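A.B. asks: Just entry-v1.txt, nothing more (compact mmCIF, N, CA and C atoms and all ligand atoms):
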# COMPACT_ATOMS: atom_id res chain seq x y z
N MET A 212 -6.57 19.06 3.36
CA MET A 212 -7.30 18.81 2.10
C MET A 212 -6.70 17.61 1.36
N ILE A 213 -5.35 17.67 1.19
CA ILE A 213 -4.68 16.60 0.47
C ILE A 213 -4.74 15.29 1.26
N THR A 214 -4.54 15.38 2.59
CA THR A 214 -4.63 14.15 3.40
C THR A 214 -6.04 13.59 3.30
N GLY A 215 -7.04 14.47 3.29
CA GLY A 215 -8.43 14.04 3.17
C GLY A 215 -8.63 13.28 1.87
N LEU A 216 -8.13 13.86 0.78
CA LEU A 216 -8.26 13.22 -0.54
C LEU A 216 -7.56 11.88 -0.54
N TYR A 217 -6.36 11.87 0.06
CA TYR A 217 -5.58 10.64 0.08
C TYR A 217 -6.31 9.54 0.82
N HIS A 218 -6.87 9.89 1.99
CA HIS A 218 -7.58 8.88 2.78
C HIS A 218 -8.85 8.42 2.08
N ALA A 219 -9.53 9.37 1.43
CA ALA A 219 -10.75 9.00 0.70
C ALA A 219 -10.37 7.98 -0.38
N HIS A 220 -9.25 8.24 -1.07
CA HIS A 220 -8.81 7.37 -2.16
C HIS A 220 -8.31 6.02 -1.62
N ALA A 221 -7.44 6.11 -0.61
CA ALA A 221 -6.81 4.89 -0.10
C ALA A 221 -7.81 3.96 0.58
N SER A 222 -8.88 4.56 1.17
CA SER A 222 -9.82 3.66 1.85
C SER A 222 -10.96 3.23 0.92
N SER A 223 -11.01 3.78 -0.30
CA SER A 223 -12.12 3.42 -1.18
C SER A 223 -11.76 2.42 -2.26
N TRP A 224 -10.48 2.27 -2.58
CA TRP A 224 -10.16 1.43 -3.74
C TRP A 224 -10.52 -0.04 -3.51
N ALA A 225 -10.25 -0.55 -2.27
CA ALA A 225 -10.54 -1.95 -2.01
C ALA A 225 -12.06 -2.18 -1.99
N ILE A 226 -12.79 -1.19 -1.43
CA ILE A 226 -14.25 -1.29 -1.39
C ILE A 226 -14.80 -1.32 -2.82
N THR A 227 -14.21 -0.46 -3.70
CA THR A 227 -14.65 -0.42 -5.10
C THR A 227 -14.50 -1.79 -5.74
N LEU A 228 -13.32 -2.41 -5.58
CA LEU A 228 -13.10 -3.72 -6.20
C LEU A 228 -14.02 -4.78 -5.58
N LEU A 229 -14.21 -4.69 -4.26
CA LEU A 229 -15.08 -5.65 -3.58
C LEU A 229 -16.53 -5.52 -4.08
N LEU A 230 -17.00 -4.27 -4.19
CA LEU A 230 -18.37 -4.06 -4.67
C LEU A 230 -18.54 -4.59 -6.09
N PHE A 231 -17.47 -4.46 -6.90
CA PHE A 231 -17.53 -4.99 -8.27
C PHE A 231 -17.79 -6.50 -8.23
N PHE A 232 -17.03 -7.23 -7.39
CA PHE A 232 -17.20 -8.69 -7.32
C PHE A 232 -18.58 -9.05 -6.75
N ILE A 233 -19.03 -8.30 -5.73
CA ILE A 233 -20.35 -8.61 -5.16
C ILE A 233 -21.43 -8.40 -6.23
N ALA A 234 -21.34 -7.26 -6.94
CA ALA A 234 -22.34 -6.97 -7.99
C ALA A 234 -22.30 -8.08 -9.05
N TYR A 235 -21.09 -8.50 -9.43
CA TYR A 235 -20.95 -9.54 -10.46
C TYR A 235 -21.64 -10.83 -10.01
N PHE A 236 -21.34 -11.28 -8.78
CA PHE A 236 -21.91 -12.56 -8.33
C PHE A 236 -23.42 -12.45 -8.14
N LEU A 237 -23.91 -11.29 -7.74
CA LEU A 237 -25.37 -11.12 -7.61
C LEU A 237 -26.02 -11.20 -9.00
N ILE A 238 -25.39 -10.58 -9.98
CA ILE A 238 -25.95 -10.59 -11.34
C ILE A 238 -25.93 -12.02 -11.89
N VAL A 239 -24.79 -12.72 -11.68
CA VAL A 239 -24.67 -14.10 -12.17
C VAL A 239 -25.72 -14.98 -11.48
N ALA A 240 -25.98 -14.71 -10.19
CA ALA A 240 -26.96 -15.51 -9.45
C ALA A 240 -28.39 -15.07 -9.77
N ASN A 241 -28.51 -14.15 -10.72
CA ASN A 241 -29.81 -13.63 -11.15
C ASN A 241 -30.60 -12.92 -10.05
N LYS A 242 -29.88 -12.34 -9.10
CA LYS A 242 -30.54 -11.57 -8.05
C LYS A 242 -30.60 -10.12 -8.54
N GLN A 243 -31.64 -9.87 -9.34
CA GLN A 243 -31.76 -8.59 -10.05
C GLN A 243 -31.70 -7.35 -9.15
N LYS A 244 -32.59 -7.32 -8.15
CA LYS A 244 -32.69 -6.09 -7.36
C LYS A 244 -31.44 -5.80 -6.53
N PRO A 245 -30.97 -6.77 -5.71
CA PRO A 245 -29.74 -6.48 -4.96
C PRO A 245 -28.57 -6.18 -5.91
N GLY A 246 -28.51 -6.86 -7.04
CA GLY A 246 -27.45 -6.63 -8.02
C GLY A 246 -27.46 -5.19 -8.50
N LYS A 247 -28.67 -4.69 -8.78
CA LYS A 247 -28.84 -3.33 -9.28
C LYS A 247 -28.40 -2.32 -8.21
N ILE A 248 -28.78 -2.59 -6.96
CA ILE A 248 -28.44 -1.65 -5.88
C ILE A 248 -26.92 -1.59 -5.69
N VAL A 249 -26.28 -2.78 -5.63
CA VAL A 249 -24.82 -2.81 -5.42
C VAL A 249 -24.12 -2.14 -6.61
N HIS A 250 -24.64 -2.36 -7.82
CA HIS A 250 -24.06 -1.73 -9.01
C HIS A 250 -24.15 -0.20 -8.92
N MET A 251 -25.28 0.28 -8.38
CA MET A 251 -25.44 1.74 -8.24
C MET A 251 -24.47 2.30 -7.21
N VAL A 252 -24.29 1.57 -6.09
CA VAL A 252 -23.35 2.02 -5.06
C VAL A 252 -21.93 2.00 -5.66
N LEU A 253 -21.64 0.96 -6.45
CA LEU A 253 -20.33 0.86 -7.10
C LEU A 253 -20.07 2.09 -7.98
N ARG A 254 -21.11 2.53 -8.70
CA ARG A 254 -20.94 3.71 -9.57
C ARG A 254 -20.64 4.96 -8.75
N LEU A 255 -21.23 5.01 -7.55
CA LEU A 255 -20.93 6.13 -6.66
C LEU A 255 -19.45 6.09 -6.26
N PHE A 256 -18.95 4.88 -6.02
CA PHE A 256 -17.54 4.72 -5.66
C PHE A 256 -16.61 5.07 -6.82
N TYR A 257 -17.06 4.84 -8.07
CA TYR A 257 -16.25 5.27 -9.22
C TYR A 257 -16.02 6.77 -9.12
N VAL A 258 -17.13 7.48 -8.80
CA VAL A 258 -17.06 8.94 -8.72
C VAL A 258 -16.08 9.35 -7.62
N ILE A 259 -16.19 8.71 -6.44
CA ILE A 259 -15.29 9.03 -5.33
C ILE A 259 -13.84 8.78 -5.75
N MET A 260 -13.59 7.64 -6.43
CA MET A 260 -12.23 7.29 -6.86
C MET A 260 -11.69 8.31 -7.85
N VAL A 261 -12.53 8.67 -8.84
CA VAL A 261 -12.04 9.58 -9.89
C VAL A 261 -11.81 10.97 -9.31
N VAL A 262 -12.77 11.47 -8.51
CA VAL A 262 -12.61 12.82 -7.96
C VAL A 262 -11.40 12.90 -7.03
N SER A 263 -11.27 11.93 -6.09
CA SER A 263 -10.13 11.97 -5.17
C SER A 263 -8.83 11.72 -5.93
N GLY A 264 -8.88 10.83 -6.94
CA GLY A 264 -7.68 10.54 -7.76
C GLY A 264 -7.21 11.76 -8.52
N VAL A 265 -8.16 12.49 -9.13
CA VAL A 265 -7.77 13.69 -9.89
C VAL A 265 -7.19 14.73 -8.92
N GLY A 266 -7.79 14.84 -7.72
CA GLY A 266 -7.28 15.76 -6.70
C GLY A 266 -5.83 15.43 -6.36
N LEU A 267 -5.55 14.15 -6.16
CA LEU A 267 -4.17 13.73 -5.84
C LEU A 267 -3.23 14.01 -7.01
N LEU A 268 -3.78 13.76 -8.21
CA LEU A 268 -2.97 13.96 -9.42
C LEU A 268 -2.56 15.43 -9.57
N ILE A 269 -3.48 16.33 -9.26
CA ILE A 269 -3.18 17.76 -9.32
C ILE A 269 -2.09 18.07 -8.28
N ASN A 270 -2.24 17.46 -7.09
CA ASN A 270 -1.26 17.66 -6.03
C ASN A 270 0.13 17.17 -6.45
N TYR A 271 0.16 16.06 -7.22
CA TYR A 271 1.45 15.53 -7.70
C TYR A 271 1.89 16.20 -9.00
N GLN A 272 1.23 17.27 -9.37
CA GLN A 272 1.52 18.03 -10.59
C GLN A 272 1.63 17.13 -11.82
N PHE A 273 0.67 16.22 -11.91
CA PHE A 273 0.54 15.33 -13.06
C PHE A 273 1.82 14.54 -13.37
N ALA A 274 2.49 14.09 -12.31
CA ALA A 274 3.69 13.26 -12.48
C ALA A 274 3.35 12.07 -13.39
N LEU A 275 4.23 11.77 -14.32
CA LEU A 275 3.94 10.79 -15.37
C LEU A 275 3.41 9.46 -14.84
N THR A 276 4.11 8.91 -13.82
CA THR A 276 3.69 7.61 -13.27
C THR A 276 2.23 7.65 -12.83
N PHE A 277 1.86 8.72 -12.12
CA PHE A 277 0.49 8.79 -11.60
C PHE A 277 -0.51 9.16 -12.69
N LEU A 278 -0.04 9.89 -13.70
CA LEU A 278 -0.92 10.19 -14.82
C LEU A 278 -1.29 8.89 -15.53
N ILE A 279 -0.28 8.03 -15.73
CA ILE A 279 -0.53 6.73 -16.37
C ILE A 279 -1.43 5.88 -15.48
N LYS A 280 -1.17 5.94 -14.16
CA LYS A 280 -2.01 5.19 -13.23
C LYS A 280 -3.47 5.63 -13.34
N GLY A 281 -3.69 6.95 -13.39
CA GLY A 281 -5.05 7.49 -13.50
C GLY A 281 -5.73 7.02 -14.78
N LEU A 282 -4.97 7.05 -15.91
CA LEU A 282 -5.55 6.63 -17.18
C LEU A 282 -5.89 5.14 -17.14
N LEU A 283 -4.97 4.34 -16.57
CA LEU A 283 -5.23 2.90 -16.44
C LEU A 283 -6.45 2.65 -15.55
N ALA A 284 -6.60 3.48 -14.51
CA ALA A 284 -7.74 3.32 -13.61
C ALA A 284 -9.05 3.59 -14.36
N LEU A 285 -9.02 4.55 -15.30
CA LEU A 285 -10.23 4.82 -16.09
C LEU A 285 -10.54 3.62 -16.99
N VAL A 286 -9.48 3.01 -17.54
CA VAL A 286 -9.66 1.80 -18.37
C VAL A 286 -10.25 0.69 -17.50
N LEU A 287 -9.75 0.59 -16.26
CA LEU A 287 -10.25 -0.43 -15.33
C LEU A 287 -11.74 -0.24 -15.07
N ILE A 288 -12.13 1.02 -14.84
CA ILE A 288 -13.55 1.31 -14.60
C ILE A 288 -14.37 0.92 -15.82
N TYR A 289 -13.84 1.21 -17.01
CA TYR A 289 -14.52 0.82 -18.26
C TYR A 289 -14.73 -0.70 -18.30
N PHE A 290 -13.70 -1.48 -17.98
CA PHE A 290 -13.84 -2.94 -18.02
C PHE A 290 -14.81 -3.45 -16.95
N MET A 291 -14.80 -2.82 -15.78
CA MET A 291 -15.73 -3.25 -14.73
C MET A 291 -17.17 -3.03 -15.21
N GLU A 292 -17.41 -1.86 -15.80
CA GLU A 292 -18.75 -1.54 -16.30
C GLU A 292 -19.17 -2.50 -17.42
N MET A 293 -18.23 -2.74 -18.36
CA MET A 293 -18.55 -3.62 -19.49
C MET A 293 -18.88 -5.03 -19.01
N ILE A 294 -18.06 -5.54 -18.05
CA ILE A 294 -18.30 -6.89 -17.54
C ILE A 294 -19.69 -6.96 -16.89
N LEU A 295 -20.02 -5.97 -16.07
CA LEU A 295 -21.31 -6.02 -15.37
C LEU A 295 -22.49 -5.87 -16.33
N VAL A 296 -22.41 -4.86 -17.20
CA VAL A 296 -23.54 -4.58 -18.10
C VAL A 296 -23.74 -5.73 -19.10
N ARG A 297 -22.65 -6.22 -19.66
CA ARG A 297 -22.78 -7.30 -20.65
C ARG A 297 -23.18 -8.63 -20.01
N THR A 298 -22.73 -8.86 -18.77
CA THR A 298 -23.14 -10.09 -18.08
C THR A 298 -24.65 -10.02 -17.83
N LYS A 299 -25.11 -8.85 -17.42
CA LYS A 299 -26.53 -8.65 -17.14
C LYS A 299 -27.37 -8.92 -18.40
N LYS A 300 -26.85 -8.43 -19.55
CA LYS A 300 -27.59 -8.62 -20.80
C LYS A 300 -27.43 -10.04 -21.34
N GLY A 301 -26.50 -10.80 -20.73
CA GLY A 301 -26.27 -12.17 -21.19
C GLY A 301 -25.46 -12.24 -22.48
N VAL A 302 -24.72 -11.16 -22.79
CA VAL A 302 -23.96 -11.17 -24.05
C VAL A 302 -22.45 -11.33 -23.82
N LEU A 303 -22.05 -11.54 -22.55
CA LEU A 303 -20.61 -11.72 -22.29
C LEU A 303 -20.32 -13.22 -22.26
N ILE A 304 -19.97 -13.74 -23.43
CA ILE A 304 -19.75 -15.19 -23.54
C ILE A 304 -18.49 -15.50 -24.35
N GLY A 305 -18.04 -16.73 -24.25
CA GLY A 305 -16.92 -17.23 -25.06
C GLY A 305 -15.64 -16.44 -24.90
N LYS A 306 -15.00 -16.18 -26.08
CA LYS A 306 -13.70 -15.51 -26.09
C LYS A 306 -13.77 -14.11 -25.52
N MET A 307 -14.90 -13.45 -25.81
CA MET A 307 -15.12 -12.09 -25.34
C MET A 307 -15.03 -12.02 -23.82
N LYS A 308 -15.62 -13.02 -23.16
CA LYS A 308 -15.62 -13.06 -21.69
C LYS A 308 -14.18 -13.19 -21.17
N THR A 309 -13.43 -14.12 -21.77
CA THR A 309 -12.03 -14.31 -21.36
C THR A 309 -11.25 -13.02 -21.57
N TYR A 310 -11.44 -12.38 -22.74
CA TYR A 310 -10.75 -11.15 -23.08
C TYR A 310 -11.02 -10.05 -22.03
N TYR A 311 -12.30 -9.86 -21.70
CA TYR A 311 -12.64 -8.82 -20.74
C TYR A 311 -12.06 -9.11 -19.35
N TRP A 312 -12.11 -10.37 -18.92
CA TRP A 312 -11.60 -10.70 -17.58
C TRP A 312 -10.08 -10.57 -17.52
N ILE A 313 -9.39 -10.93 -18.60
CA ILE A 313 -7.92 -10.79 -18.61
C ILE A 313 -7.56 -9.31 -18.56
N GLN A 314 -8.25 -8.49 -19.36
CA GLN A 314 -7.99 -7.05 -19.36
C GLN A 314 -8.25 -6.47 -17.98
N PHE A 315 -9.34 -6.92 -17.36
CA PHE A 315 -9.68 -6.44 -16.01
C PHE A 315 -8.54 -6.77 -15.05
N ALA A 316 -8.10 -8.05 -15.05
CA ALA A 316 -7.07 -8.50 -14.11
C ALA A 316 -5.77 -7.72 -14.32
N ILE A 317 -5.35 -7.57 -15.59
CA ILE A 317 -4.08 -6.87 -15.86
C ILE A 317 -4.16 -5.42 -15.40
N THR A 318 -5.23 -4.72 -15.78
CA THR A 318 -5.31 -3.30 -15.40
C THR A 318 -5.43 -3.15 -13.87
N ALA A 319 -6.21 -4.04 -13.22
CA ALA A 319 -6.37 -3.93 -11.76
C ALA A 319 -5.01 -4.11 -11.08
N ILE A 320 -4.24 -5.11 -11.51
CA ILE A 320 -2.94 -5.37 -10.89
C ILE A 320 -2.01 -4.17 -11.11
N LEU A 321 -1.97 -3.66 -12.34
CA LEU A 321 -1.10 -2.52 -12.64
C LEU A 321 -1.46 -1.30 -11.81
N VAL A 322 -2.77 -1.01 -11.75
CA VAL A 322 -3.23 0.18 -11.01
C VAL A 322 -2.83 0.08 -9.53
N VAL A 323 -3.03 -1.10 -8.94
CA VAL A 323 -2.70 -1.24 -7.52
C VAL A 323 -1.18 -1.18 -7.31
N LEU A 324 -0.41 -1.83 -8.20
CA LEU A 324 1.06 -1.80 -8.05
C LEU A 324 1.61 -0.39 -8.20
N ILE A 325 1.07 0.36 -9.18
CA ILE A 325 1.54 1.75 -9.34
C ILE A 325 1.09 2.58 -8.15
N GLY A 326 -0.16 2.33 -7.68
CA GLY A 326 -0.70 3.05 -6.52
C GLY A 326 0.20 2.91 -5.30
N PHE A 327 0.73 1.70 -5.10
CA PHE A 327 1.59 1.46 -3.95
C PHE A 327 3.07 1.70 -4.26
N ASN A 328 3.33 2.37 -5.37
CA ASN A 328 4.71 2.70 -5.77
C ASN A 328 5.61 1.49 -5.99
N VAL A 329 5.03 0.33 -6.24
CA VAL A 329 5.85 -0.85 -6.54
C VAL A 329 6.40 -0.68 -7.95
N LEU A 330 5.54 -0.13 -8.82
CA LEU A 330 5.96 0.15 -10.18
C LEU A 330 6.03 1.66 -10.35
N SER A 331 7.14 2.16 -10.90
CA SER A 331 7.17 3.59 -11.21
C SER A 331 8.10 3.82 -12.39
N PHE A 332 7.82 4.85 -13.13
CA PHE A 332 8.68 5.16 -14.28
C PHE A 332 8.80 6.66 -14.46
C1 LIG B 1 -10.97 1.96 -9.58
C2 LIG B 1 -10.03 2.84 -9.76
C3 LIG B 1 -8.79 3.02 -8.90
C4 LIG B 1 -8.13 2.12 -8.08
C5 LIG B 1 -8.45 0.65 -7.82
C6 LIG B 1 -7.03 2.86 -7.48
C7 LIG B 1 -6.10 2.31 -6.58
C8 LIG B 1 -5.15 3.05 -5.88
C9 LIG B 1 -4.31 2.54 -4.83
C10 LIG B 1 -4.31 1.10 -4.32
C11 LIG B 1 -3.53 3.57 -4.38
C12 LIG B 1 -2.52 3.52 -3.23
C13 LIG B 1 -3.28 3.86 -1.98
C14 LIG B 1 -2.49 3.71 -0.74
O1 LIG B 1 -1.32 4.13 -0.69
O2 LIG B 1 -3.05 3.20 0.25
C15 LIG B 1 -3.85 4.74 -5.17
C16 LIG B 1 -3.25 5.98 -5.06
C17 LIG B 1 -3.36 6.99 -6.03
N1 LIG B 1 -4.27 7.03 -7.07
FE1 LIG B 1 -5.67 5.63 -7.47
N2 LIG B 1 -7.02 4.15 -7.95
C18 LIG B 1 -8.09 4.29 -8.82
C19 LIG B 1 -8.45 5.44 -9.51
C20 LIG B 1 -7.63 6.55 -9.67
C21 LIG B 1 -7.85 7.65 -10.60
C22 LIG B 1 -9.06 7.72 -11.56
C23 LIG B 1 -6.79 8.51 -10.46
C24 LIG B 1 -6.48 9.81 -11.18
C25 LIG B 1 -7.14 10.32 -12.17
C26 LIG B 1 -5.93 7.99 -9.43
C27 LIG B 1 -4.75 8.59 -8.96
C28 LIG B 1 -4.04 8.17 -7.83
C29 LIG B 1 -2.93 8.92 -7.24
C30 LIG B 1 -2.36 10.24 -7.76
C31 LIG B 1 -2.51 8.18 -6.10
C32 LIG B 1 -1.42 8.58 -5.10
C33 LIG B 1 -0.26 7.66 -5.11
C34 LIG B 1 0.66 7.89 -3.92
O3 LIG B 1 0.57 8.89 -3.21
O4 LIG B 1 1.50 7.01 -3.69
N3 LIG B 1 -6.46 6.79 -8.97
N4 LIG B 1 -4.86 4.40 -6.08
Please rewrite the model in this file as structure tokens.

C.D. replies:
Amino acid sequence: MITGLYHAHASSWAITLLLFFIAYFLIVANKQKPGKIVHMVLRLFYVIMVVSGVGLLINYQFALTFLIKGLLALVLIYFMEMILVRTKKGVLIGKMKTYYWIQFAITAILVVLIGFNVLSF
């Protein structure tokens, strides 16, 4: 069960990030329909990430490092959604755009580093 959860999580995180970039470039290129489909698949991957992540977290008895990682991952999902939805609406411009992308990059790097045990506390 735990190995299953771990593999589901470990093999889905890169796909999740990749789908985010594909959805973003499709939206920017104004390819409405494919953009919408990839965004929907991405949302399915959010669910896979959160469910498998929470399963692992329970297995690790909510160890602080992983609890923080899980919370940061939720923040990351929030920024991915905001970037996609606001880009689609055409309201992600100027300083706001820079702010969202910087937040996305910082949280993504932290989540992956903590995930691979490079960072722990
Ligand atoms: C988009 C969101 C997420 C990304 C990009 C992500 C990324 C990662 C990565 C790269 C790993 C290491 C996998 C490996 O060893 O191959 C990992 C492990 C883990 N993740 Fe996530 N994760 C996300 C969401 C979550 C959530 C929502 C939770 C909990 C609520 C969570 C909890 C964990 C736990 C407990 C581990 C196990 C660490 C270990 O055994 O070393 N993750 N994650």

A.B. asks: Counting only C-alpha atoms and all ligand atoms, what residues are within 8 Å of ligand LIG 1 (chain B), given as a short mmCIF file (atom, residue, chain, number, x, y, z; two decimals) with N, CA and C atoms, in the frame of the given file?

C.D. replies:
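Heads up, here's the output in selection31.cif:
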data_model
loop_
_atom_site.label_atom_id
_atom_site.label_comp_id
_atom_site.auth_asym_id
_atom_site.auth_seq_id
_atom_site.Cartn_x
_atom_site.Cartn_y
_atom_site.Cartn_z
N TYR A 217 -6.36 11.87 0.06
CA TYR A 217 -5.58 10.64 0.08
C TYR A 217 -6.31 9.54 0.82
N HIS A 218 -6.87 9.89 1.99
CA HIS A 218 -7.58 8.88 2.78
C HIS A 218 -8.85 8.42 2.08
N HIS A 220 -9.25 8.24 -1.07
CA HIS A 220 -8.81 7.37 -2.16
C HIS A 220 -8.31 6.02 -1.62
N ALA A 221 -7.44 6.11 -0.61
CA ALA A 221 -6.81 4.89 -0.10
C ALA A 221 -7.81 3.96 0.58
N SER A 222 -8.88 4.56 1.17
CA SER A 222 -9.82 3.66 1.85
C SER A 222 -10.96 3.23 0.92
N TRP A 224 -10.48 2.27 -2.58
CA TRP A 224 -10.16 1.43 -3.74
C TRP A 224 -10.52 -0.04 -3.51
N ALA A 225 -10.25 -0.55 -2.27
CA ALA A 225 -10.54 -1.95 -2.01
C ALA A 225 -12.06 -2.18 -1.99
N THR A 227 -14.21 -0.46 -3.70
CA THR A 227 -14.65 -0.42 -5.10
C THR A 227 -14.50 -1.79 -5.74
N LEU A 228 -13.32 -2.41 -5.58
CA LEU A 228 -13.10 -3.72 -6.20
C LEU A 228 -14.02 -4.78 -5.58
N TYR A 257 -17.06 4.84 -8.07
CA TYR A 257 -16.25 5.27 -9.22
C TYR A 257 -16.02 6.77 -9.12
N MET A 260 -13.59 7.64 -6.43
CA MET A 260 -12.23 7.29 -6.86
C MET A 260 -11.69 8.31 -7.85
N VAL A 261 -12.53 8.67 -8.84
CA VAL A 261 -12.04 9.58 -9.89
C VAL A 261 -11.81 10.97 -9.31
N VAL A 262 -12.77 11.47 -8.51
CA VAL A 262 -12.61 12.82 -7.96
C VAL A 262 -11.40 12.90 -7.03
N SER A 263 -11.27 11.93 -6.09
CA SER A 263 -10.13 11.97 -5.17
C SER A 263 -8.83 11.72 -5.93
N GLY A 264 -8.88 10.83 -6.94
CA GLY A 264 -7.68 10.54 -7.76
C GLY A 264 -7.21 11.76 -8.52
N VAL A 265 -8.16 12.49 -9.13
CA VAL A 265 -7.77 13.69 -9.89
C VAL A 265 -7.19 14.73 -8.92
N GLY A 266 -7.79 14.84 -7.72
CA GLY A 266 -7.28 15.76 -6.70
C GLY A 266 -5.83 15.43 -6.36
N LEU A 267 -5.55 14.15 -6.16
CA LEU A 267 -4.17 13.73 -5.84
C LEU A 267 -3.23 14.01 -7.01
N LEU A 268 -3.78 13.76 -8.21
CA LEU A 268 -2.97 13.96 -9.42
C LEU A 268 -2.56 15.43 -9.57
N ILE A 269 -3.48 16.33 -9.26
CA ILE A 269 -3.18 17.76 -9.32
C ILE A 269 -2.09 18.07 -8.28
N ASN A 270 -2.24 17.46 -7.09
CA ASN A 270 -1.26 17.66 -6.03
C ASN A 270 0.13 17.17 -6.45
N TYR A 271 0.16 16.06 -7.22
CA TYR A 271 1.45 15.53 -7.70
C TYR A 271 1.89 16.20 -9.00
N PHE A 273 0.67 16.22 -11.91
CA PHE A 273 0.54 15.33 -13.06
C PHE A 273 1.82 14.54 -13.37
N PHE A 277 1.86 8.72 -12.12
CA PHE A 277 0.49 8.79 -11.60
C PHE A 277 -0.51 9.16 -12.69
N LEU A 278 -0.04 9.89 -13.70
CA LEU A 278 -0.92 10.19 -14.82
C LEU A 278 -1.29 8.89 -15.53
N LYS A 280 -1.17 5.94 -14.16
CA LYS A 280 -2.01 5.19 -13.23
C LYS A 280 -3.47 5.63 -13.34
N GLY A 281 -3.69 6.95 -13.39
CA GLY A 281 -5.05 7.49 -13.50
C GLY A 281 -5.73 7.02 -14.78
N LEU A 282 -4.97 7.05 -15.91
CA LEU A 282 -5.55 6.63 -17.18
C LEU A 282 -5.89 5.14 -17.14
N LEU A 283 -4.97 4.34 -16.57
CA LEU A 283 -5.23 2.90 -16.44
C LEU A 283 -6.45 2.65 -15.55
N ALA A 284 -6.60 3.48 -14.51
CA ALA A 284 -7.74 3.32 -13.61
C ALA A 284 -9.05 3.59 -14.36
N LEU A 285 -9.02 4.55 -15.30
CA LEU A 285 -10.23 4.82 -16.09
C LEU A 285 -10.54 3.62 -16.99
N LEU A 287 -9.75 0.59 -16.26
CA LEU A 287 -10.25 -0.43 -15.33
C LEU A 287 -11.74 -0.24 -15.07
N ILE A 288 -12.13 1.02 -14.84
CA ILE A 288 -13.55 1.31 -14.60
C ILE A 288 -14.37 0.92 -15.82
N ALA A 319 -6.21 -4.04 -13.22
CA ALA A 319 -6.37 -3.93 -11.76
C ALA A 319 -5.01 -4.11 -11.08
N VAL A 322 -2.77 -1.01 -11.75
CA VAL A 322 -3.23 0.18 -11.01
C VAL A 322 -2.83 0.08 -9.53
N VAL A 323 -3.03 -1.10 -8.94
CA VAL A 323 -2.70 -1.24 -7.52
C VAL A 323 -1.18 -1.18 -7.31
N LEU A 324 -0.41 -1.83 -8.20
CA LEU A 324 1.06 -1.80 -8.05
C LEU A 324 1.61 -0.39 -8.20
N ILE A 325 1.07 0.36 -9.18
CA ILE A 325 1.54 1.75 -9.34
C ILE A 325 1.09 2.58 -8.15
N GLY A 326 -0.16 2.33 -7.68
CA GLY A 326 -0.70 3.05 -6.52
C GLY A 326 0.20 2.91 -5.30
N PHE A 327 0.73 1.70 -5.10
CA PHE A 327 1.59 1.46 -3.95
C PHE A 327 3.07 1.70 -4.26
N ASN A 328 3.33 2.37 -5.37
CA ASN A 328 4.71 2.70 -5.77
C ASN A 328 5.61 1.49 -5.99
#

A.B. asks: List every residue of segment 220-253 of chain A that has an atom at most 8 Å from any atom of segment 291-301 of chain A, giving for each one its closest atom pair and the distance in Å to one decimal, counting only N, CA and C atoms, sorted by chain and then by ascending residue number, as a Markdown table.

C.D. replies:
| residue | atom | partner | partner_atom | distance |
| --- | --- | --- | --- | --- |
| A:Phe231 | CA | A:Met291 | CA | 6.9 |
| A:Ala234 | C | A:Leu295 | CA | 6.7 |
| A:Tyr235 | CA | A:Leu295 | CA | 6.1 |
| A:Ile238 | CA | A:Lys299 | CA | 6.1 |
| A:Val239 | N | A:Thr298 | C | 6.7 |

A.B. asks: Between atom C of Ile313 of chain A and atom C of Phe290 of chain A, what is the distance, to one decimal in Å?

C.D. replies: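 Result for atom C of Ile313 of chain A versus atom C of Phe290 of chain A: 9.5 Å, one decimal.
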
A.B. asks: Can you work out the spacing between atom CA of Ile233 of chain A and atom CA of Gly246 of chain A in Å, to one decimal?

C.D. replies: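 According to the coordinates, atom CA of Ile233 of chain A and atom CA of Gly246 of chain A are separated by 7.9 Å.
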
A.B. asks: Atom CA of Ala274 of chain A and atom N of Met212 of chain A, how far apart in Å?

C.D. replies: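 So the answer is 19.7 Å.
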
A.B. asks: Given the choices A:Leu330, A:Lys306, A:Leu230, A:Trp312, which gets closest to Leu253 of chain A if the distance is worked out from all atoms listed in the file?

C.D. replies: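 Selected residue with least distance to Leu253 of chain A: A:Leu230.
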
A.B. asks: In terms of the shortest atom-to-atom distance over only C-alpha atoms, which of A:Ile320, A:Val286, A:Leu275, A:Leu229 is closest to Val249 of chain A?

C.D. replies: A:Leu229

A.B. asks: Produce the centre coordinates and the three edge lengths, each in Å to one decimal, of the box along x, y and z that contains all listed atoms of segment 219-234 of chain A with 6 Å added on each side, as AutoDock Vina command-line options.

C.D. replies:
--center_x -14.6 --center_y 0.2 --center_z -3.6 --size_x 27.5 --size_y 30.4 --size_z 22.9

A.B. asks: Of the candidates A:Lys247, A:Tyr289, A:Phe232, A:Val258, which shows the shortest atom-to-atom distance to Gln314 of chain A, using only C-alpha atoms?

C.D. replies: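 The shortest atom-to-atom distance to Gln314 of chain A comes from A:Tyr289.
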